[in-house]
file final_25.cif (mmCIF, C-alpha atoms (C1' of nucleotides))
data_upload
loop_
_atom_site.group_PDB
_atom_site.id
_atom_site.type_symbol
_atom_site.label_atom_id
_atom_site.label_comp_id
_atom_site.auth_asym_id
_atom_site.auth_seq_id
_atom_site.Cartn_x
_atom_site.Cartn_y
_atom_site.Cartn_z
ATOM 1 C CA MET A 942 -4.546 -3.034 -5.074
ATOM 2 C CA PRO A 943 -1.107 -3.677 -6.323
ATOM 3 C CA GLU A 944 1.563 -5.936 -5.141
ATOM 4 C CA LEU A 945 3.929 -7.416 -7.670
ATOM 5 C CA PRO A 946 1.424 -9.826 -9.261
ATOM 6 C CA GLU A 947 -1.094 -7.056 -9.871
ATOM 7 C CA VAL A 948 1.611 -4.909 -11.448
ATOM 8 C CA VAL A 949 2.690 -7.757 -13.721
ATOM 9 C CA VAL A 950 -0.901 -8.514 -14.695
ATOM 10 C CA THR A 951 -1.616 -4.848 -15.337
ATOM 11 C CA LEU A 952 1.432 -4.462 -17.528
ATOM 12 C CA ARG A 953 0.634 -7.588 -19.516
ATOM 13 C CA GLY A 954 -2.909 -6.419 -20.015
ATOM 14 C CA VAL A 955 -2.027 -2.965 -21.171
ATOM 15 C CA LEU A 956 1.138 -3.399 -23.207
ATOM 16 C CA PRO A 957 -0.209 -5.231 -26.283
ATOM 17 C CA HIS A 958 -2.560 -2.306 -26.928
ATOM 18 C CA ILE A 959 0.083 0.416 -26.915
ATOM 19 C CA GLU A 960 3.487 -1.048 -27.679
ATOM 20 C CA GLY A 961 4.948 0.473 -30.831
ATOM 21 C CA LYS A 962 2.329 3.212 -30.990
ATOM 22 C CA ARG A 963 2.836 6.956 -30.964
ATOM 23 C CA VAL A 964 1.674 9.275 -28.248
ATOM 24 C CA THR A 965 -0.501 12.114 -29.488
ATOM 25 C CA ASP A 966 -1.177 13.775 -26.154
ATOM 26 C CA VAL A 967 -0.888 13.479 -22.399
ATOM 27 C CA ILE A 968 -3.784 14.821 -20.358
ATOM 28 C CA VAL A 969 -3.102 15.496 -16.695
ATOM 29 C CA ARG A 970 -6.317 16.285 -14.839
ATOM 30 C CA ASN A 971 -4.801 16.113 -11.382
ATOM 31 C CA GLY A 972 -1.033 16.049 -11.106
ATOM 32 C CA LYS A 973 -0.975 15.985 -7.321
ATOM 33 C CA LEU A 974 0.016 12.380 -6.801
ATOM 34 C CA ARG A 975 2.597 10.915 -4.402
ATOM 35 C CA TRP A 976 5.084 12.978 -6.382
ATOM 36 C CA PRO A 977 3.912 15.755 -8.660
ATOM 37 C CA VAL A 978 3.379 14.665 -12.252
ATOM 38 C CA PRO A 979 6.148 16.510 -14.130
ATOM 39 C CA GLU A 980 5.167 19.658 -15.987
ATOM 40 C CA GLY A 981 5.479 19.343 -19.723
ATOM 41 C CA LEU A 982 4.969 15.610 -19.859
ATOM 42 C CA SER A 983 2.780 16.125 -22.873
ATOM 43 C CA VAL A 984 5.447 18.095 -24.750
ATOM 44 C CA LEU A 985 7.981 15.452 -23.790
ATOM 45 C CA LEU A 986 5.932 12.536 -25.103
ATOM 46 C CA LYS A 987 4.027 14.004 -28.041
ATOM 47 C CA SER A 988 4.740 12.121 -31.279
ATOM 48 C CA LYS A 989 7.113 9.773 -29.492
ATOM 49 C CA ARG A 990 6.817 6.037 -29.989
ATOM 50 C CA LEU A 991 6.425 3.666 -27.050
ATOM 51 C CA LEU A 992 9.112 1.060 -27.580
ATOM 52 C CA SER A 993 8.475 -1.413 -24.777
ATOM 53 C CA GLY A 994 7.409 -1.818 -21.195
ATOM 54 C CA ARG A 995 8.733 -3.711 -18.226
ATOM 55 C CA GLN A 996 8.307 -4.054 -14.509
ATOM 56 C CA ARG A 997 10.808 -3.307 -11.771
ATOM 57 C CA ALA A 998 9.597 -3.886 -8.225
ATOM 58 C CA LYS A 999 6.106 -2.372 -8.179
ATOM 59 C CA TYR A 1000 6.999 0.168 -10.837
ATOM 60 C CA MET A 1001 6.088 -0.048 -14.495
ATOM 61 C CA LEU A 1002 8.646 1.374 -16.907
ATOM 62 C CA PHE A 1003 7.443 2.406 -20.347
ATOM 63 C CA GLN A 1004 10.412 2.940 -22.601
ATOM 64 C CA PHE A 1005 10.704 5.694 -25.207
ATOM 65 C CA ASP A 1006 13.835 6.510 -27.166
ATOM 66 C CA HIS A 1007 14.649 9.435 -24.874
ATOM 67 C CA GLY A 1008 13.659 8.032 -21.477
ATOM 68 C CA HIS A 1009 11.076 6.126 -19.501
ATOM 69 C CA LEU A 1010 7.617 6.886 -18.216
ATOM 70 C CA MET A 1011 7.612 5.397 -14.726
ATOM 71 C CA ILE A 1012 4.296 4.533 -13.106
ATOM 72 C CA HIS A 1013 3.581 3.258 -9.607
ATOM 73 C CA LEU A 1014 0.063 2.290 -8.544
ATOM 74 C CA GLY A 1015 0.389 3.002 -4.834
ATOM 75 C CA MET A 1016 -2.447 1.502 -2.781
ATOM 76 C CA SER A 1017 -5.433 2.251 -4.949
ATOM 77 C CA GLY A 1018 -4.004 2.896 -8.397
ATOM 78 C CA ASN A 1019 -5.166 1.299 -11.594
ATOM 79 C CA LEU A 1020 -4.025 1.487 -15.175
ATOM 80 C CA ARG A 1021 -6.189 0.483 -18.088
ATOM 81 C CA ILE A 1022 -6.807 0.987 -21.767
ATOM 82 C CA VAL A 1023 -9.853 3.016 -22.725
ATOM 83 C CA ASP A 1024 -11.257 4.477 -25.904
ATOM 84 C CA ILE A 1025 -10.832 8.227 -25.619
ATOM 85 C CA SER A 1026 -14.584 8.642 -25.988
ATOM 86 C CA VAL A 1027 -14.998 7.104 -22.529
ATOM 87 C CA THR A 1028 -15.740 10.043 -20.246
ATOM 88 C CA PRO A 1029 -13.141 10.351 -17.508
ATOM 89 C CA GLU A 1030 -14.392 10.012 -13.952
ATOM 90 C CA LYS A 1031 -13.454 11.657 -10.724
ATOM 91 C CA HIS A 1032 -10.197 9.850 -10.053
ATOM 92 C CA ASP A 1033 -8.989 9.404 -13.632
ATOM 93 C CA HIS A 1034 -5.972 11.651 -13.199
ATOM 94 C CA VAL A 1035 -3.799 11.002 -16.236
ATOM 95 C CA ASP A 1036 -4.418 9.859 -19.833
ATOM 96 C CA VAL A 1037 -1.603 9.009 -22.190
ATOM 97 C CA VAL A 1038 -3.341 9.206 -25.542
ATOM 98 C CA PHE A 1039 -2.130 7.157 -28.508
ATOM 99 C CA ASP A 1040 -2.568 7.680 -32.214
ATOM 100 C CA ASP A 1041 -5.423 5.226 -32.633
ATOM 101 C CA ARG A 1042 -7.688 7.058 -30.201
ATOM 102 C CA ILE A 1043 -7.026 4.834 -27.233
ATOM 103 C CA ALA A 1044 -5.638 6.064 -23.973
ATOM 104 C CA LEU A 1045 -3.641 4.559 -21.170
ATOM 105 C CA ARG A 1046 -5.703 5.825 -18.266
ATOM 106 C CA PHE A 1047 -4.275 6.168 -14.753
ATOM 107 C CA THR A 1048 -6.873 6.116 -11.984
ATOM 108 C CA ASP A 1049 -6.057 6.458 -8.309
ATOM 109 C CA PRO A 1050 -8.554 7.562 -5.621
ATOM 110 C CA ARG A 1051 -5.988 7.862 -2.835
ATOM 111 C CA ARG A 1052 -3.271 9.365 -5.060
ATOM 112 C CA PHE A 1053 -0.460 7.417 -3.432
ATOM 113 C CA GLY A 1054 0.633 6.341 -6.887
ATOM 114 C CA SER A 1055 2.970 8.228 -9.172
ATOM 115 C CA VAL A 1056 3.536 9.078 -12.821
ATOM 116 C CA LEU A 1057 7.105 10.200 -13.412
ATOM 117 C CA TRP A 1058 9.563 10.791 -16.205
ATOM 118 C CA VAL A 1059 13.040 9.294 -16.071
ATOM 119 C CA ASP A 1060 15.675 10.771 -18.391
ATOM 120 C CA ASP A 1061 18.490 8.309 -18.046
ATOM 121 C CA GLU A 1062 19.100 4.793 -16.790
ATOM 122 C CA PRO A 1063 16.077 3.912 -14.616
ATOM 123 C CA ALA A 1064 18.203 1.770 -12.303
ATOM 124 C CA GLN A 1065 20.035 4.921 -11.239
ATOM 125 C CA HIS A 1066 16.855 6.769 -10.369
ATOM 126 C CA ARG A 1067 16.656 7.673 -6.692
ATOM 127 C CA LEU A 1068 13.449 5.697 -6.237
ATOM 128 C CA LEU A 1069 14.961 2.590 -7.796
ATOM 129 C CA GLN A 1070 18.630 2.679 -6.907
ATOM 130 C CA ASN A 1071 18.274 1.203 -3.436
ATOM 131 C CA LEU A 1072 15.813 -1.518 -4.329
ATOM 132 C CA GLY A 1073 16.691 -5.121 -3.663
ATOM 133 C CA PRO A 1074 16.378 -7.917 -6.214
ATOM 134 C CA GLU A 1075 13.259 -9.216 -7.899
ATOM 135 C CA PRO A 1076 11.730 -12.178 -6.057
ATOM 136 C CA PHE A 1077 12.038 -14.546 -9.015
ATOM 137 C CA GLU A 1078 15.811 -14.205 -9.251
ATOM 138 C CA ASP A 1079 17.449 -17.607 -8.850
ATOM 139 C CA TYR A 1080 19.654 -16.430 -6.037
ATOM 140 C CA ILE A 1081 16.673 -15.459 -3.905
ATOM 141 C CA ASN A 1082 16.703 -18.579 -1.797
ATOM 142 C CA GLY A 1083 16.842 -19.653 1.818
ATOM 143 C CA ARG A 1084 20.542 -18.974 2.021
ATOM 144 C CA TYR A 1085 20.104 -15.396 0.755
ATOM 145 C CA LEU A 1086 17.322 -14.583 3.225
ATOM 146 C CA TYR A 1087 19.065 -16.350 6.079
ATOM 147 C CA ASP A 1088 22.351 -14.515 5.556
ATOM 148 C CA LEU A 1089 20.756 -11.086 5.220
ATOM 149 C CA SER A 1090 18.597 -11.582 8.277
ATOM 150 C CA ARG A 1091 21.353 -12.480 10.758
ATOM 151 C CA GLY A 1092 21.327 -10.115 13.683
ATOM 152 C CA LYS A 1093 18.081 -8.449 12.650
ATOM 153 C CA THR A 1094 15.601 -7.871 15.454
ATOM 154 C CA THR A 1095 12.783 -6.670 13.227
ATOM 155 C CA SER A 1096 9.959 -9.114 12.611
ATOM 156 C CA VAL A 1097 10.368 -11.603 9.809
ATOM 157 C CA LYS A 1098 7.256 -10.149 8.180
ATOM 158 C CA GLN A 1099 8.676 -6.645 8.051
ATOM 159 C CA PHE A 1100 11.979 -8.078 6.883
ATOM 160 C CA LEU A 1101 10.148 -9.795 4.052
ATOM 161 C CA MET A 1102 8.350 -6.589 3.111
ATOM 162 C CA ASP A 1103 11.577 -4.550 3.144
ATOM 163 C CA ASN A 1104 12.194 -3.520 -0.453
ATOM 164 C CA GLN A 1105 15.935 -3.479 0.130
ATOM 165 C CA ILE A 1106 15.852 -7.212 0.843
ATOM 166 C CA VAL A 1107 13.483 -8.326 -1.894
ATOM 167 C CA VAL A 1108 10.934 -6.299 -3.827
ATOM 168 C CA GLY A 1109 7.320 -6.953 -4.658
ATOM 169 C CA VAL A 1110 6.143 -8.720 -1.522
ATOM 170 C CA GLY A 1111 3.361 -6.602 -0.042
ATOM 171 C CA ASN A 1112 1.027 -7.226 2.828
ATOM 172 C CA ILE A 1113 -1.159 -9.909 1.273
ATOM 173 C CA TYR A 1114 1.611 -12.086 -0.054
ATOM 174 C CA ALA A 1115 3.807 -11.640 3.015
ATOM 175 C CA ASN A 1116 0.973 -12.961 5.177
ATOM 176 C CA GLU A 1117 0.321 -15.832 2.776
ATOM 177 C CA SER A 1118 3.936 -16.930 2.321
ATOM 178 C CA LEU A 1119 4.557 -16.913 6.060
ATOM 179 C CA PHE A 1120 1.484 -19.036 6.626
ATOM 180 C CA LEU A 1121 2.535 -21.554 3.991
ATOM 181 C CA SER A 1122 5.979 -21.693 5.552
ATOM 182 C CA GLY A 1123 4.710 -22.188 9.101
ATOM 183 C CA ILE A 1124 6.518 -19.090 10.347
ATOM 184 C CA ARG A 1125 4.997 -16.732 12.888
ATOM 185 C CA PRO A 1126 5.039 -13.212 11.374
ATOM 186 C CA LYS A 1127 6.277 -11.443 14.500
ATOM 187 C CA LYS A 1128 9.231 -13.723 15.047
ATOM 188 C CA ALA A 1129 12.511 -11.804 14.892
ATOM 189 C CA ALA A 1130 13.995 -12.147 11.415
ATOM 190 C CA GLY A 1131 17.376 -12.983 12.894
ATOM 191 C CA ARG A 1132 15.953 -15.912 14.833
ATOM 192 C CA VAL A 1133 14.294 -17.700 11.933
ATOM 193 C CA SER A 1134 16.125 -20.878 10.939
ATOM 194 C CA LYS A 1135 17.795 -21.619 7.628
ATOM 195 C CA LYS A 1136 15.278 -24.413 7.019
ATOM 196 C CA SER A 1137 12.392 -22.000 7.515
ATOM 197 C CA TYR A 1138 13.958 -19.503 5.136
ATOM 198 C CA ASP A 1139 14.381 -22.289 2.565
ATOM 199 C CA LEU A 1140 10.651 -22.872 2.774
ATOM 200 C CA LEU A 1141 9.870 -19.179 2.803
ATOM 201 C CA ALA A 1142 11.914 -18.417 -0.308
ATOM 202 C CA ASP A 1143 10.122 -21.207 -2.169
ATOM 203 C CA ASN A 1144 6.734 -20.104 -0.951
ATOM 204 C CA ILE A 1145 7.266 -16.474 -1.918
ATOM 205 C CA LYS A 1146 7.894 -17.578 -5.481
ATOM 206 C CA THR A 1147 5.030 -20.048 -5.452
ATOM 207 C CA VAL A 1148 2.546 -17.560 -4.070
ATOM 208 C CA LEU A 1149 3.572 -14.685 -6.340
ATOM 209 C CA GLY A 1150 3.704 -16.975 -9.362
ATOM 210 C CA ARG A 1151 0.322 -18.486 -8.651
ATOM 211 C CA ALA A 1152 -1.180 -15.041 -8.061
ATOM 212 C CA ILE A 1153 0.106 -13.882 -11.444
ATOM 213 C CA GLU A 1154 -1.429 -16.966 -13.084
ATOM 214 C CA GLN A 1155 -4.721 -16.181 -11.417
ATOM 215 C CA GLY A 1156 -4.684 -12.600 -12.663
ATOM 216 C CA GLY A 1157 -3.795 -11.082 -9.300
ATOM 217 C CA THR A 1158 -5.871 -10.611 -6.191
ATOM 218 C CA THR A 1159 -9.030 -8.560 -6.431
ATOM 219 C CA LEU A 1160 -10.058 -7.236 -3.043
ATOM 220 C CA LYS A 1161 -12.161 -4.323 -4.114
ATOM 221 C CA ASP A 1162 -11.945 -3.196 -7.659
ATOM 222 C CA PHE A 1163 -8.734 -4.416 -9.195
ATOM 223 C CA VAL A 1164 -9.201 -5.480 -12.782
ATOM 224 C CA GLY A 1165 -6.287 -6.698 -14.830
ATOM 225 C CA ASN A 1166 -6.085 -8.256 -18.218
ATOM 226 C CA GLU A 1167 -9.144 -7.625 -20.416
ATOM 227 C CA GLY A 1168 -11.113 -6.201 -17.512
ATOM 228 C CA LYS A 1169 -11.126 -9.474 -15.624
ATOM 229 C CA PRO A 1170 -10.769 -9.434 -11.842
ATOM 230 C CA GLY A 1171 -7.983 -11.364 -10.164
ATOM 231 C CA TYR A 1172 -8.979 -14.749 -8.875
ATOM 232 C CA PHE A 1173 -6.211 -15.301 -6.355
ATOM 233 C CA LYS A 1174 -8.550 -14.134 -3.598
ATOM 234 C CA GLN A 1175 -10.012 -17.614 -3.688
ATOM 235 C CA GLU A 1176 -6.633 -19.002 -2.711
ATOM 236 C CA LEU A 1177 -5.958 -16.773 0.279
ATOM 237 C CA TYR A 1178 -5.412 -18.770 3.454
ATOM 238 C CA VAL A 1179 -5.013 -15.988 6.018
ATOM 239 C CA TYR A 1180 -5.213 -12.482 4.568
ATOM 240 C CA GLY A 1181 -8.568 -10.975 5.459
ATOM 241 C CA ARG A 1182 -9.528 -14.066 7.482
ATOM 242 C CA GLY A 1183 -8.677 -13.009 11.050
ATOM 243 C CA GLY A 1184 -11.057 -14.609 13.555
ATOM 244 C CA GLN A 1185 -12.033 -17.343 11.114
ATOM 245 C CA PRO A 1186 -10.890 -20.949 11.295
ATOM 246 C CA CYS A 1187 -7.530 -21.945 9.838
ATOM 247 C CA LEU A 1188 -8.112 -23.837 6.608
ATOM 248 C CA ASN A 1189 -5.452 -26.288 7.681
ATOM 249 C CA CYS A 1190 -6.219 -27.019 11.343
ATOM 250 C CA LYS A 1191 -9.500 -25.177 12.145
ATOM 251 C CA ASP A 1192 -7.881 -23.204 14.945
ATOM 252 C CA ILE A 1193 -8.992 -19.545 15.004
ATOM 253 C CA LEU A 1194 -6.699 -17.248 13.026
ATOM 254 C CA LYS A 1195 -5.241 -14.367 14.989
ATOM 255 C CA GLU A 1196 -5.016 -10.819 13.699
ATOM 256 C CA VAL A 1197 -2.426 -8.370 15.024
ATOM 257 C CA ARG A 1198 -0.762 -5.207 13.730
ATOM 258 C CA LEU A 1199 2.829 -5.179 12.656
ATOM 259 C CA GLY A 1200 4.294 -1.960 11.328
ATOM 260 C CA GLN A 1201 0.781 -0.548 11.065
ATOM 261 C CA ARG A 1202 -0.297 -3.371 8.794
ATOM 262 C CA SER A 1203 -2.791 -6.049 9.511
ATOM 263 C CA THR A 1204 -1.140 -9.364 10.107
ATOM 264 C CA VAL A 1205 -2.997 -12.646 10.236
ATOM 265 C CA TYR A 1206 -1.602 -15.986 11.287
ATOM 266 C CA CYS A 1207 -2.542 -19.343 12.676
ATOM 267 C CA PRO A 1208 -1.268 -19.749 16.235
ATOM 268 C CA SER A 1209 -1.091 -23.506 15.762
ATOM 269 C CA CYS A 1210 0.424 -23.826 12.305
ATOM 270 C CA GLN A 1211 2.888 -20.946 12.578
ATOM 271 C CA LYS A 1212 5.673 -21.138 15.136
ATOM 272 C "C1'" DC B 415 22.768 2.358 11.407
ATOM 273 C "C1'" DA B 416 18.564 -0.202 12.285
ATOM 274 C "C1'" DG B 417 14.078 0.221 13.507
ATOM 275 C "C1'" DC B 418 9.895 2.457 14.084
ATOM 276 C "C1'" DG B 419 6.004 5.762 13.371
ATOM 277 C "C1'" DC B 420 3.991 9.242 10.642
ATOM 278 C "C1'" DC B 421 2.081 10.753 6.788
ATOM 279 C "C1'" DC B 422 0.301 11.468 2.072
ATOM 280 C "C1'" DC B 423 -5.345 10.709 0.463
ATOM 281 C "C1'" DT B 424 -10.185 9.056 -0.417
ATOM 282 C "C1'" DG B 425 -13.705 5.717 0.382
ATOM 283 C "C1'" DC B 426 -16.067 2.523 2.963
ATOM 284 C "C1'" DC B 427 -17.763 0.139 6.921
ATOM 285 C "C1'" DC B 428 -19.005 -0.045 11.624
ATOM 286 C "C1'" DG B 429 -20.948 1.500 15.943
ATOM 287 C "C1'" DC B 430 -23.399 4.942 18.372
ATOM 288 C "C1'" DT C 39 -29.745 9.297 8.868
ATOM 289 C "C1'" DG C 40 -25.529 11.514 10.346
ATOM 290 C "C1'" DC C 41 -21.091 11.534 12.132
ATOM 291 C "C1'" DG C 42 -16.701 10.076 14.084
ATOM 292 C "C1'" DG C 43 -13.240 6.562 14.113
ATOM 293 C "C1'" DG C 44 -10.687 3.078 12.118
ATOM 294 C "C1'" DC C 45 -9.129 0.643 8.362
ATOM 295 C "C1'" DA C 46 -7.400 -0.311 3.359
ATOM 296 C "C1'" DG C 47 -3.283 -3.790 -1.553
ATOM 297 C "C1'" DG C 48 2.628 1.341 -0.445
ATOM 298 C "C1'" DG C 49 6.543 3.408 0.796
ATOM 299 C "C1'" DG C 50 9.464 7.694 1.535
ATOM 300 C "C1'" DC C 51 11.180 10.223 5.197
ATOM 301 C "C1'" DG C 52 12.413 11.994 9.666
ATOM 302 C "C1'" DC C 53 13.266 10.861 14.273
ATOM 303 C "C1'" DT C 54 15.344 8.150 18.105
#
call {"tool": "encode", "arguments": {"input": "final_25.cif", "output": "structure tokens"}}
result
Amino acid sequence: MPELPEVVVTLRGVLPHIEGKRVTDVIVRNGKLRWPVPEGLSVLLKSKRLLSGRQRAKYMLFQFDHGHLMIHLGMSGNLRIVDISVTPEKHDHVDVVFDDRIALRFTDPRRFGSVLWVDDEPAQHRLLQNLGPEPFEDYINGRYLYDLSRGKTTSVKQFLMDNQIVVGVGNIYANESLFLSGIRPKKAAGRVSKKSYDLLADNIKTVLGRAIEQGGTTLKDFVGNEGKPGYFKQELYVYGRGGQPCLNCKDILKEVRLGQRSTVYCPSCQK
DNA sequence: CAGCGCCCCTGCCCGC
DNA sequence: TGCGGGCAGGGGCGCT
């Protein structure tokens, strides 16, 4: 479900309901996530006030005066606000309960997501310290991508999805930005021209920005703000469209695997 | 060190 | 209808 737009949409949807409120309890029904949910999270958070929330890469950081609750949605994770009277279902693993009887409910069938506690500066955390910049930073441009890619033999798609280069670009948006930029996904990153990277940098921002505006991309069951699905699916050119005609030139879109991920491109439009 | 596969896990869809 | 195989929006880690 979540690439950066879905994380942003989720955070925006959830935050107004809980910001400034006190935690009364944390209920962990299944703590076996990507990383174990820390023991004693409830003791740690009880009666503490949630000060603010922000996003870093695909992580959500909920700030308290003594640290941050750090949540990652993995592949199938979802975070929403529920009234505590709503009976938890099979994959509702964690509830952070607030003083007005609402809960921040973490659901994740595949359990690739994580719910962690960070004592000190989040940027120093081992899972965050090696992350590259956010895609909307001004200095993420063609020059930046071009310079970092020199000499790299890995595909431009995998380069783009490398969190040390730029964060937040997952499989959907990598496919889409490469299509819009006319770049073939399997082309070696080090052999892509400066002009192409100029286009690519712009298109990454355009695609991610537009996806956020549209409330994310709902493939299966993602719901963001106010329970609404994401409408960006309607604007996908290639992702999930292998074998179908290119919306630009009608040629049949090809689907290949790159780094174990499905990769779709137009053999005519992408060189 | 860069690059590549594996793996964590459940659900769903497809073909036999 | 049942079952096996493959695939799914991520990413850390170990190996070459």
call {"tool": "atom_distance", "arguments": {"input": "final_25.cif", "atom1": "CA of Lys1093 (chain A)", "atom2": "CA of Cys1210 (chain A)"}}
result
23.4 Å
call {"tool": "resolve_selection", "arguments": {"input": "final_25.cif", "expression": "the PyMOL selection byres ((chain A) within 7 of (chain C))", "output": "list in words"}}
result
Met942, Pro943, Glu944, Gly1015 and Met1016 of chain A
call {"tool": "resolve_selection", "arguments": {"input": "final_25.cif", "expression": "the PyMOL selection byres ((chain A) within 9 of (chain B))", "output": "PyMOL selection string"}}
result
chain A and resi 974-975+1050-1053+1093-1095+1200-1201
call {"tool": "atom_distance", "arguments": {"input": "final_25.cif", "atom1": "CA of Met1001 (chain A)", "atom2": "CA of Phe1077 (chain A)"}}
result
16.6 Å
call {"tool": "closest_residue", "arguments": {"input": "final_25.cif", "among": "A:Leu1072, A:Val955, A:Ile1043, A:Val1059", "to": "Leu982 (chain A)", "atoms": "only C-alpha atoms"}}
result
A:Val1059
call {"tool": "atom_distance", "arguments": {"input": "final_25.cif", "atom1": "CA of Leu1069 (chain A)", "atom2": "CA of Ala998 (chain A)"}}
result
8.4 Å
call {"tool": "closest_residue", "arguments": {"input": "final_25.cif", "among": "A:Leu985, A:Leu1002, A:Val1164, A:Val1108", "to": "Leu1020 (chain A)", "atoms": "all atoms listed in the file"}}
result
A:Val1164
call {"tool": "resolve_selection", "arguments": {"input": "final_25.cif", "expression": "the PyMOL selection byres ((chain A and resi 1073) around 10)", "output": "JSON, numbers by chain"}}
result
{"A": [998, 1069, 1070, 1071, 1072, 1074, 1075, 1076, 1103, 1104, 1105, 1106, 1107, 1108, 1109]}
call {"tool": "closest_atom_pairs", "arguments": {"input": "final_25.cif", "of": "region 1084-1109 of chain A", "to": "region 1125-1130 of chain A", "cutoff": "8 Å", "atoms": "only C-alpha atoms", "output": "tab-separated table"}}
result
residue	atom	partner	partner_atom	distance
A:Ser1090	CA	A:Ala1130	CA	5.6
A:Arg1091	CA	A:Ala1130	CA	7.4
A:Gly1092	CA	A:Ala1130	CA	7.9
A:Lys1093	CA	A:Ala1130	CA	5.6
A:Thr1094	CA	A:Ala1129	CA	5.0
A:Thr1095	CA	A:Ala1129	CA	5.4
A:Ser1096	CA	A:Ala1129	CA	4.4
A:Val1097	CA	A:Ala1130	CA	4.0
A:Lys1098	CA	A:Pro1126	CA	4.9
A:Phe1100	CA	A:Ala1130	CA	6.4
